[in-house]
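Everything on this sheet refers to the single structure shown next.
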Amino acid sequence: MDQNVSPKSCDEDLSHGAYWTDGMAPLRETHDKIAAEVDVVIIGSGYTGMHAAIVAASTGKTTQVLEARTLGWGCSTRNGGQISSSVKPTLAQLTKRFGFDRAWAIRTEGQNSLNWIDSFITSNKIDCHFARNGRFHCAHTPQHFDRLVSEARRLENEENIPSQIILREEQHHELGTEAYFGGVVYPQHASVHPAKYYAGLLQVASSQGARVTANCPALDIQRSGSKYFVNTPKGTIKTRKVVVATNGYSGKLMPWVQRRVIPIGSYIIATNPLPKSLMDRIFPTNRVISDSCKVIYYYRPSPDRTRVLFGGRVSANETNPKVSGPRLQKDLCRIFPELQGFGLSHSWSGTVAYSFDELMHIGQHQGIHYALGYCGSGVGMASYLGMRLGQQVMEMSEGKTAFDEIPFPTRPLYRGKPWFLPAVVGWYRWLDGWQHRRALKYSAVTGGKRLTGNFSKSAG
């Protein structure tokens with residue numbers, strides 16, 4: 001064991017703030033007072049709102065961003081820092097809904113978002129530990145390995161998305177655990193330090209002249225002719241354009257939006273510092289990790305490779321970091337038993353927004369612009385669609401996206417409170433656990449002979 005690093009079972013110093021903001025100076029608003037009249041008001045200062053503001057302000061339009069809490073309070077500094085190609089429905093599923101051409105365009109937007117955020121961070125020289133280190137997507141049963149391989153091959157053949165099949169007997173080259181049954185590496189996926197990325201966005205927006213005011217929620221929006229009036233505790237703003245960019249924190253301000261997004265809490269922990277030798281053994285490739293469970297776990301090394309950052313959903317109902325932390329730690333130690341006893345330094349949560357069709361949405365409702373519903377893929381897609389949203393507000397032709405004019409569904413009786421979520425999450429958590437225990441038991445009985453599914457002989 002490395003010197004000066006030892007297991008610690010007592011977490012009396014456990015922080016319930018996000019690990020990402022440790023050691024960072026508080027993010028400061030650009031203006032503590034709001035403007036009386038501007039060209040554009042943007043409600044929500046997360047990735048979507050900040051990127052929309054950057055575009056609007058860069059065209060010379062006076063732009064006021066309103067944040068209900070402190071800057072970065074929401075998921076922009078609370079997420080796992082993983083960036084994928086974002087779009088969940090497959091090409092076949094989307095083709096059934098929209099036809100092949102629109103389906104292909106939607107899938108392509110996922111790749112566009114990944115490449116665009118790379119370009120944005122690079123061109124603006126944002127120091128946020130961005131890296132194309134790839135994702136290892138793990139199978140929690142042999143049957144799920146078969147499905148992951150089938151999907152990876154389809155993506156490579158139909159969409160030219162590269163991947164690498166990892167058999168269970170090769171798994172330790174990617175991840176130091178016996179808890180999975182192989183998986184697939186997507187080498188183009190990326191990671192980022194979300195709070196440093198957000199701080200960089202704030203700096204870019206400020207340099208373009210955007211006004212950003214914190215602790216100033218929009219209370220209501222009224223329209224009179226071609227003008228809107230946004231009321232806040234700090235006064236009323238008159239504007240020509242309004243953008244709602246609230247995602248998982250959408251409330252009663254715009255009921256039409258609230259009925260179309262499902263707020264879901266996601267919970268994350270950070271371990272205490274770990275020995276370098278241990279980190280090198282369990283994360284030999286420095287990739288970000290996700291698994292094939294319906295209620296997924298996602299995790300990664302911290303950018304300095306001293307800790308494990310481990311996230312997921314730990315209960316059917318929403319809870320708080322004091323409760324979720326020990327539960328996540330138990331799941332983490334199930335995957336990596338050697339982490340037992342090291343303890344935690346942080347436990348926190350954030351709220352993401354799912355849509356009923358598992359697609360992100362961008363558009364207008366009664367003249368008010370919006371983009372939201374990123375379904376857990378918000379770092380890349382919220383940034384990309386925030387930029388496109390800004391272009392649409394500015395009526396630029398390049399703002400067109402494959403998501404434009406797609407129906408944004410809701411459900412009868414749904415008003416923004418997901419009363420159905422505990423039953424759904426509870427069922428899927430039970431099913432994930434049962435499948436995994438059954439797979440491990442079968443593997444133990446057979447002496448590990450069926451290490452993978454039907455693709456095991458040909459996946460190399």
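By convention in this document, the chains of the structure tokens carry letters A, B, ... by their order, each chain's residues are numbered from 1, and ligands are numbered from 1 in the order they are shown.
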Taking only residues of segment 64-95 of chain A that have an atom at most 10 Å from an atom of segment 145-168 of chain A, what is each one's shortest atom pair and its distance in Å to one decimal, using only C-alpha atoms, in chain and number order, as a Markdown table?
```
| residue | atom | partner | partner_atom | distance |
| --- | --- | --- | --- | --- |
| A:Ser85 | CA | A:Ile161 | CA | 9.8 |
| A:Thr90 | CA | A:Glu151 | CA | 8.9 |
| A:Leu91 | CA | A:Glu158 | CA | 8.7 |
```
Do you have, as CSV, the list of residues of segment 232-321 of chain A lying at most 9 Å from segment 382-406 of chain A, each with its nearest atom pair and that distance in Å to one decimal, counting only C-alpha atoms and ordered by chain then number?
```
residue,atom,partner,partner_atom,distance
A:Lys241,CA,A:Val393,CA,7.2
A:Val242,CA,A:Val393,CA,8.6
A:Val243,CA,A:Val393,CA,8.2
A:Ala245,CA,A:Gly386,CA,8.2
```
Could you write out that same residue set with N, CA, C and O atoms as an mmCIF file, in the first residue's frame?
```cif
data_model
loop_
_atom_site.group_PDB
_atom_site.id
_atom_site.type_symbol
_atom_site.label_atom_id
_atom_site.label_comp_id
_atom_site.auth_asym_id
_atom_site.auth_seq_id
_atom_site.Cartn_x
_atom_site.Cartn_y
_atom_site.Cartn_z
ATOM 1 N N LYS A 241 -37.435 38.542 -26.729
ATOM 2 C CA LYS A 241 -37.259 37.090 -26.803
ATOM 3 C C LYS A 241 -37.083 36.516 -25.403
ATOM 4 O O LYS A 241 -36.369 37.089 -24.573
ATOM 5 N N VAL A 242 -37.719 35.350 -25.168
ATOM 6 C CA VAL A 242 -37.571 34.654 -23.892
ATOM 7 C C VAL A 242 -37.151 33.210 -24.170
ATOM 8 O O VAL A 242 -37.706 32.546 -25.045
ATOM 9 N N VAL A 243 -36.165 32.752 -23.407
ATOM 10 C CA VAL A 243 -35.680 31.374 -23.491
ATOM 11 C C VAL A 243 -35.871 30.711 -22.137
ATOM 12 O O VAL A 243 -35.467 31.271 -21.111
ATOM 13 N N ALA A 245 -34.627 27.554 -20.121
ATOM 14 C CA ALA A 245 -33.543 26.558 -20.159
ATOM 15 C C ALA A 245 -33.363 25.974 -18.765
ATOM 16 O O ALA A 245 -32.290 26.053 -18.175
#
```
Q: Write down as a ChimeraX atom specification the residues belonging to segment 213-417 of chain A that are assigned strand (DSSP E) by DSSP computed on the backbone.
A: /A:213,220-224,227-232,235-244,262-271,288-291,297-301,308-312,344-354,361-365,368-372
Q) Skipping near chain neighbours, those fewer than 4 positions away, what residues fall within 12 Å of Pro255 of chain A using only C-alpha atoms, listed as a PyMOL selection string? A) chain A and resi 220-221+244+250-251+259-261+365+410+414-417
Expected file: the selected residues, all heavy atoms, as a compact mmCIF listing (two decimals), in the first residue's frame:
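Ended up saving to result-v5.txt:
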```txt
# COMPACT_ATOMS: atom_id res chain seq x y z
N ASP A 220 -42.85 34.98 -13.19
CA ASP A 220 -43.85 34.72 -14.22
C ASP A 220 -43.47 35.47 -15.49
O ASP A 220 -42.63 36.36 -15.47
CB ASP A 220 -45.27 35.10 -13.76
CG ASP A 220 -45.43 36.59 -13.50
OD1 ASP A 220 -45.45 37.36 -14.47
OD2 ASP A 220 -45.54 36.98 -12.33
N ILE A 221 -44.11 35.04 -16.58
CA ILE A 221 -43.86 35.63 -17.89
C ILE A 221 -45.20 36.13 -18.43
O ILE A 221 -46.16 35.37 -18.51
CB ILE A 221 -43.26 34.61 -18.87
CG1 ILE A 221 -41.99 33.98 -18.29
CG2 ILE A 221 -42.96 35.27 -20.23
CD1 ILE A 221 -41.50 32.78 -19.09
N VAL A 244 -36.49 29.53 -22.12
CA VAL A 244 -36.59 28.73 -20.91
C VAL A 244 -35.61 27.57 -21.02
O VAL A 244 -35.72 26.74 -21.92
CB VAL A 244 -38.03 28.22 -20.69
CG1 VAL A 244 -38.08 27.20 -19.56
CG2 VAL A 244 -38.96 29.38 -20.40
N SER A 250 -37.22 22.51 -13.97
CA SER A 250 -38.40 23.20 -14.49
C SER A 250 -39.54 23.11 -13.49
O SER A 250 -39.89 22.02 -13.03
CB SER A 250 -38.83 22.59 -15.83
OG SER A 250 -37.80 22.72 -16.80
N GLY A 251 -40.13 24.25 -13.18
CA GLY A 251 -41.23 24.29 -12.23
C GLY A 251 -42.49 24.81 -12.87
O GLY A 251 -42.77 24.55 -14.04
N ARG A 259 -45.09 19.73 -17.81
CA ARG A 259 -45.83 18.49 -18.07
C ARG A 259 -45.07 17.54 -18.99
O ARG A 259 -45.50 16.39 -19.18
CB ARG A 259 -47.18 18.81 -18.71
CG ARG A 259 -48.19 19.49 -17.79
CD ARG A 259 -49.58 19.38 -18.36
NE ARG A 259 -49.97 17.98 -18.47
CZ ARG A 259 -50.67 17.48 -19.48
NH1 ARG A 259 -51.03 18.25 -20.49
NH2 ARG A 259 -51.01 16.20 -19.49
N ARG A 260 -43.97 17.98 -19.58
CA ARG A 260 -43.28 17.18 -20.59
C ARG A 260 -41.91 16.68 -20.19
O ARG A 260 -41.26 15.97 -20.96
CB ARG A 260 -43.21 17.97 -21.91
CG ARG A 260 -44.53 17.99 -22.62
CD ARG A 260 -44.70 19.12 -23.62
NE ARG A 260 -45.96 18.91 -24.35
CZ ARG A 260 -47.17 19.23 -23.86
NH1 ARG A 260 -47.27 19.79 -22.66
NH2 ARG A 260 -48.26 18.98 -24.57
N VAL A 261 -41.47 17.04 -19.01
CA VAL A 261 -40.19 16.53 -18.52
C VAL A 261 -40.38 15.85 -17.17
O VAL A 261 -41.23 16.26 -16.37
CB VAL A 261 -39.12 17.64 -18.42
CG1 VAL A 261 -38.72 18.13 -19.80
CG2 VAL A 261 -39.60 18.80 -17.56
N HIS A 365 -42.90 27.38 -27.79
CA HIS A 365 -44.30 27.22 -27.40
C HIS A 365 -44.84 28.60 -27.08
O HIS A 365 -44.32 29.29 -26.20
CB HIS A 365 -44.44 26.31 -26.18
CG HIS A 365 -45.85 26.16 -25.71
ND1 HIS A 365 -46.81 25.51 -26.44
CD2 HIS A 365 -46.48 26.63 -24.59
CE1 HIS A 365 -47.96 25.54 -25.79
NE2 HIS A 365 -47.80 26.22 -24.67
N THR A 410 -46.53 14.29 -23.65
CA THR A 410 -46.75 14.19 -22.22
C THR A 410 -47.65 12.99 -21.99
O THR A 410 -47.81 12.15 -22.87
CB THR A 410 -47.35 15.49 -21.64
OG1 THR A 410 -47.48 15.35 -20.23
CG2 THR A 410 -48.69 15.81 -22.25
N TYR A 414 -50.50 13.80 -15.97
CA TYR A 414 -49.16 14.20 -15.51
C TYR A 414 -49.06 15.71 -15.46
O TYR A 414 -49.34 16.40 -16.45
CB TYR A 414 -48.08 13.63 -16.43
CG TYR A 414 -46.68 13.97 -15.97
CD1 TYR A 414 -46.17 13.48 -14.78
CD2 TYR A 414 -45.86 14.83 -16.72
CE1 TYR A 414 -44.90 13.82 -14.33
CE2 TYR A 414 -44.59 15.15 -16.30
CZ TYR A 414 -44.12 14.65 -15.10
OH TYR A 414 -42.86 14.99 -14.67
N ARG A 415 -48.63 16.23 -14.32
CA ARG A 415 -48.51 17.68 -14.13
C ARG A 415 -47.11 18.08 -13.67
O ARG A 415 -46.93 19.18 -13.16
CB ARG A 415 -49.55 18.17 -13.11
CG ARG A 415 -51.00 18.00 -13.58
CD ARG A 415 -51.31 18.92 -14.75
NE ARG A 415 -52.70 18.83 -15.20
CZ ARG A 415 -53.13 17.99 -16.12
NH1 ARG A 415 -52.27 17.14 -16.69
NH2 ARG A 415 -54.39 17.96 -16.48
N GLY A 416 -46.15 17.20 -13.79
CA GLY A 416 -44.78 17.53 -13.43
C GLY A 416 -44.26 16.80 -12.21
O GLY A 416 -43.05 16.84 -11.94
N LYS A 417 -45.14 16.13 -11.47
CA LYS A 417 -44.72 15.32 -10.34
C LYS A 417 -44.78 13.86 -10.74
O LYS A 417 -45.87 13.31 -10.97
CB LYS A 417 -45.60 15.57 -9.12
CG LYS A 417 -45.14 14.81 -7.89
CD LYS A 417 -46.00 15.14 -6.67
CE LYS A 417 -45.50 14.37 -5.44
NZ LYS A 417 -46.32 14.68 -4.23
```
Find the residues of segment 358-445 of chain A that sit at most 12 Å from segment 324-340 of chain A; for each, write down the nearest two atoms and how far apart they are in Å, to one decimal. Count only C-alpha atoms. Sort by chain, then by number going up, and give it as a tab-separated table.
```
residue	atom	partner	partner_atom	distance
A:Gly433	CA	A:Asp331	CA	10.8
A:His436	CA	A:Ile335	CA	11.6
A:Arg437	CA	A:Arg334	CA	11.5
```
Q: Fewer than 3 positions away in the same chain doesn't count, so skip those; otherwise give me all residues within 7 Å of segment 311-319 of chain A, counting only C-alpha atoms, as a ChimeraX atom specification.
A: /A:265-269,295-299,323-324,327-328,422-423,425-426
Q. Taking into account only C-alpha atoms, which residue in the set A:Gly248, A:Thr271, A:Pro89, A:Ser191 is nearest to Gly350 of chain A?
A.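 Of A:Gly248, A:Thr271, A:Pro89, A:Ser191, the one nearest Gly350 of chain A, counting only C-alpha atoms, is A:Gly248.
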Q.
Report as a ChimeraX atom specification all protein, DNA and RNA residues lying within 9 Å of Phe408 of chain A, evaluated on only C-alpha atoms, omitting residues in the same chain fewer than 3 positions from it.
A. /A:260,355-357,359,361,405
Q.
Considering only helix (DSSP H, G or I) as DSSP defines it on the backbone, what residues of segment 51-224 of chain A qualify? List them as an NGL selection string.
A. :A and (51-58 or 75-77 or 91-98 or 100-123 or 142-159 or 168-173 or 194-207)
Per residue of segment 94-207 of chain A within 7 Å of segment 62-76 of chain A, what are the shortest atom pair and its distance in Å to one decimal, counting only C-alpha atoms, with rows by chain and residue number, as CSV?
```
residue,atom,partner,partner_atom,distance
A:Pro194,CA,A:Ser76,CA,6.4
A:Ala195,CA,A:Ser76,CA,6.8
A:Tyr198,CA,A:Ser76,CA,6.6
```
Output the selection as a short mmCIF file (atom, residue, chain, number, x, y, z; two decimals), in the first residue's frame - C-alpha atoms for each residue.
```cif
data_model
loop_
_atom_site.label_atom_id
_atom_site.label_comp_id
_atom_site.auth_asym_id
_atom_site.auth_seq_id
_atom_site.Cartn_x
_atom_site.Cartn_y
_atom_site.Cartn_z
CA PRO A 194 -17.96 19.81 -15.10
CA ALA A 195 -17.44 22.68 -12.65
CA TYR A 198 -19.01 25.65 -16.33
#
```
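Considering the residues A:Pro409, A:Gly60, A:Pro418, A:Pro233 and counting only C-alpha atoms, Ile262 of chain A has its shortest atom-to-atom contact with A:Pro418.
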